[in-house]
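What follows is a set of notes on a single structure, which appears directly below.
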Amino acid sequence: GALTAVRAAMKIKVLQRSEQDYAPTGDIAKFFRNPEPALHPFERSREYQRALVATKMEKIFAKPFVRALEGHLDSVKCMAMARRAGTPLISGSCDGELRCWNLQNLTCGSVVPRAHTGFVRDATVSYTGDKVLSCGDDKTVKMWSLEEQTTKIDPEPTSVFHCTSISNSVDHHWKKPLFVTAGDTVDVWD
């Protein structure tokens, strides 16, 4: 008697799903998602991030963008230009490579494949425009000869300066033959 009373009080619901509702038809498959906001607490911030990235990508490839200078095999860590018009662009990468670019033709003039062991942390061009200074993970600052008209860097450094620690940045004086490196200490070189 009590068992039949319990069975009579219970309702059993059966889910029935058709195979046709879930089988892919054509190129587009149905995707079912639970829109419950409690299950997706970060949805709004995720969508904001996606929109922000999409906007940045649109700005990168907008009209002012001329061309990508391709050639480095690893990430570019630093760039430098002399303080005069028509001078080449120097770029240093994380694999120790130094490149000289002709910005009028948008071509690479020369490559120094193993300028430094490890990252090229920074590069700068002298005030005269005929020397390039670069510092890297090998605790050295190297001076390279630069030929502005042909955008060629000499493959061998003209001078090598050894530091006690890794220099993160290097800069050249605007009028004197001095340069400064910064790492654990700030050093002035003549």
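Each chain in the structure tokens gets a letter, A, B, ..., in the order shown, and its residues are numbered from 1; ligands are numbered from 1 in order too.
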
DSSP on the backbone: which residues in stretch 28-154 of chain A end up as alpha helix (DSSP H)? Give the answer as a list in words.
Glu43, Arg44, Ser45, Arg46, Glu47, Tyr48, Gln49, Arg50, Ala51, Leu52, Val53, Ala54, Thr55, Lys56, Met57, Glu58, Lys59 and Ile60 of chain A

Please identify all polymer residues within 10 Å of A:His173, counting only C-alpha atoms, omitting same-chain residues fewer than 3 positions from it, and present them as a CSV table (one decimal) with N, CA and C atoms, in the first residue's frame.
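Wrote out_23.csv, looks like this:
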```
chain,number,residue,atom,x,y,z
A,125,VAL,N,73.2,54.7,-32.4
A,125,VAL,CA,74.1,55.2,-33.4
A,125,VAL,C,74.8,56.4,-32.9
A,126,SER,N,76.1,56.5,-33.2
A,126,SER,CA,76.9,57.6,-32.7
A,126,SER,C,76.4,59.0,-33.3
A,127,TYR,N,76.8,60.1,-32.8
A,127,TYR,CA,76.4,61.4,-33.2
A,127,TYR,C,76.9,61.7,-34.6
A,176,LYS,N,79.8,64.6,-28.1
A,176,LYS,CA,81.2,64.1,-27.7
A,176,LYS,C,81.3,62.6,-27.9
A,177,PRO,N,82.5,62.2,-28.0
A,177,PRO,CA,82.7,60.7,-28.3
A,177,PRO,C,82.6,59.9,-27.0
A,178,LEU,N,81.5,60.0,-26.3
A,178,LEU,CA,81.2,59.3,-25.0
A,178,LEU,C,80.0,58.5,-25.2
A,179,PHE,N,79.9,57.4,-24.5
A,179,PHE,CA,78.6,56.6,-24.5
A,179,PHE,C,78.4,56.1,-23.1
A,180,VAL,N,77.2,55.8,-22.8
A,180,VAL,CA,76.8,55.4,-21.4
A,180,VAL,C,76.1,54.0,-21.5
A,188,VAL,N,80.0,55.3,-17.7
A,188,VAL,CA,80.3,56.2,-18.8
A,188,VAL,C,81.6,55.8,-19.5
```

Given the choices A:Thr140, A:Thr128, A:Ser159, A:Ser110, which gets closest to A:His172 if the distance is worked out from only C-alpha atoms?
A:Thr128

Find the spatial neighbours of A:Arg114, counting only C-alpha atoms, within a cut-off of 9 Å - ignore same-chain residues fewer than 4 positions away - and output them as a count of residues only.
5

Write down as a list of chain:residue names the residues belonging to stretch 84-129 of chain A that are assigned strand (DSSP E) by DSSP computed on the backbone.
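Selecting the strand (DSSP E) positions of stretch 84-129 of chain A gives A:Leu89, A:Ile90, A:Ser91, A:Gly92, A:Ser93, A:Leu98, A:Arg99, A:Cys100, A:Trp101, A:Asn102, A:Thr107, A:Cys108, A:Gly109, A:Ser110, A:Val111, A:Val112, A:Val120, A:Arg121, A:Asp122, A:Ala123, A:Thr124, A:Val125.
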
Nearest to A:Ala68: which of A:Asp130, A:Ala182, A:Cys108, A:Trp174 is it, counting only C-alpha atoms?
A:Cys108

Point-to-point distance in Å for atom CA of A:Asp74 and atom CA of A:Cys135
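Separation between atom CA of A:Cys135 and atom CA of A:Asp74: 17.0 Å.
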
Between A:Ser134, A:Thr181, A:Ser165, A:Thr87, which one has atoms that come closest to A:Lys152, using only C-alpha atoms?
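Closest to A:Lys152 of all the choices is A:Thr87.
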
Ranking A:Ile153, A:Leu89, A:Met143, A:Ala82 by minimum distance to A:Pro113 and counting only C-alpha atoms, which one comes first?
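For A:Pro113, the nearest of the given residues is A:Ile153.
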
So that I can check the surroundings of A:Thr151, please list as a list in words every protein, DNA and RNA residue that reaches within 10 Å of it, counting only C-alpha atoms and ignoring chain neighbours fewer than 2 positions away.
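Near neighbours after the sequence-gap exclusion: Thr87, Pro88, Leu89, Ile90, Arg99, Cys100, Trp101, Asn102, Leu103, Thr107, Cys108, Gly109, Ser110, Leu146, Glu147, Glu148, Gln149, Ile153 and Asp154 of chain A.
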
Take atom CA of A:Ser167 and atom CA of A:Lys139 and report the distance between them in Å, one decimal.
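For atom CA of A:Ser167 relative to atom CA of A:Lys139, the distance reads 6.5 Å.
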
Counting only C-alpha atoms, closest pick from A:Asp171, A:Glu19, A:Glu58, A:Asp122 relative to A:Asp137 is A:Asp122
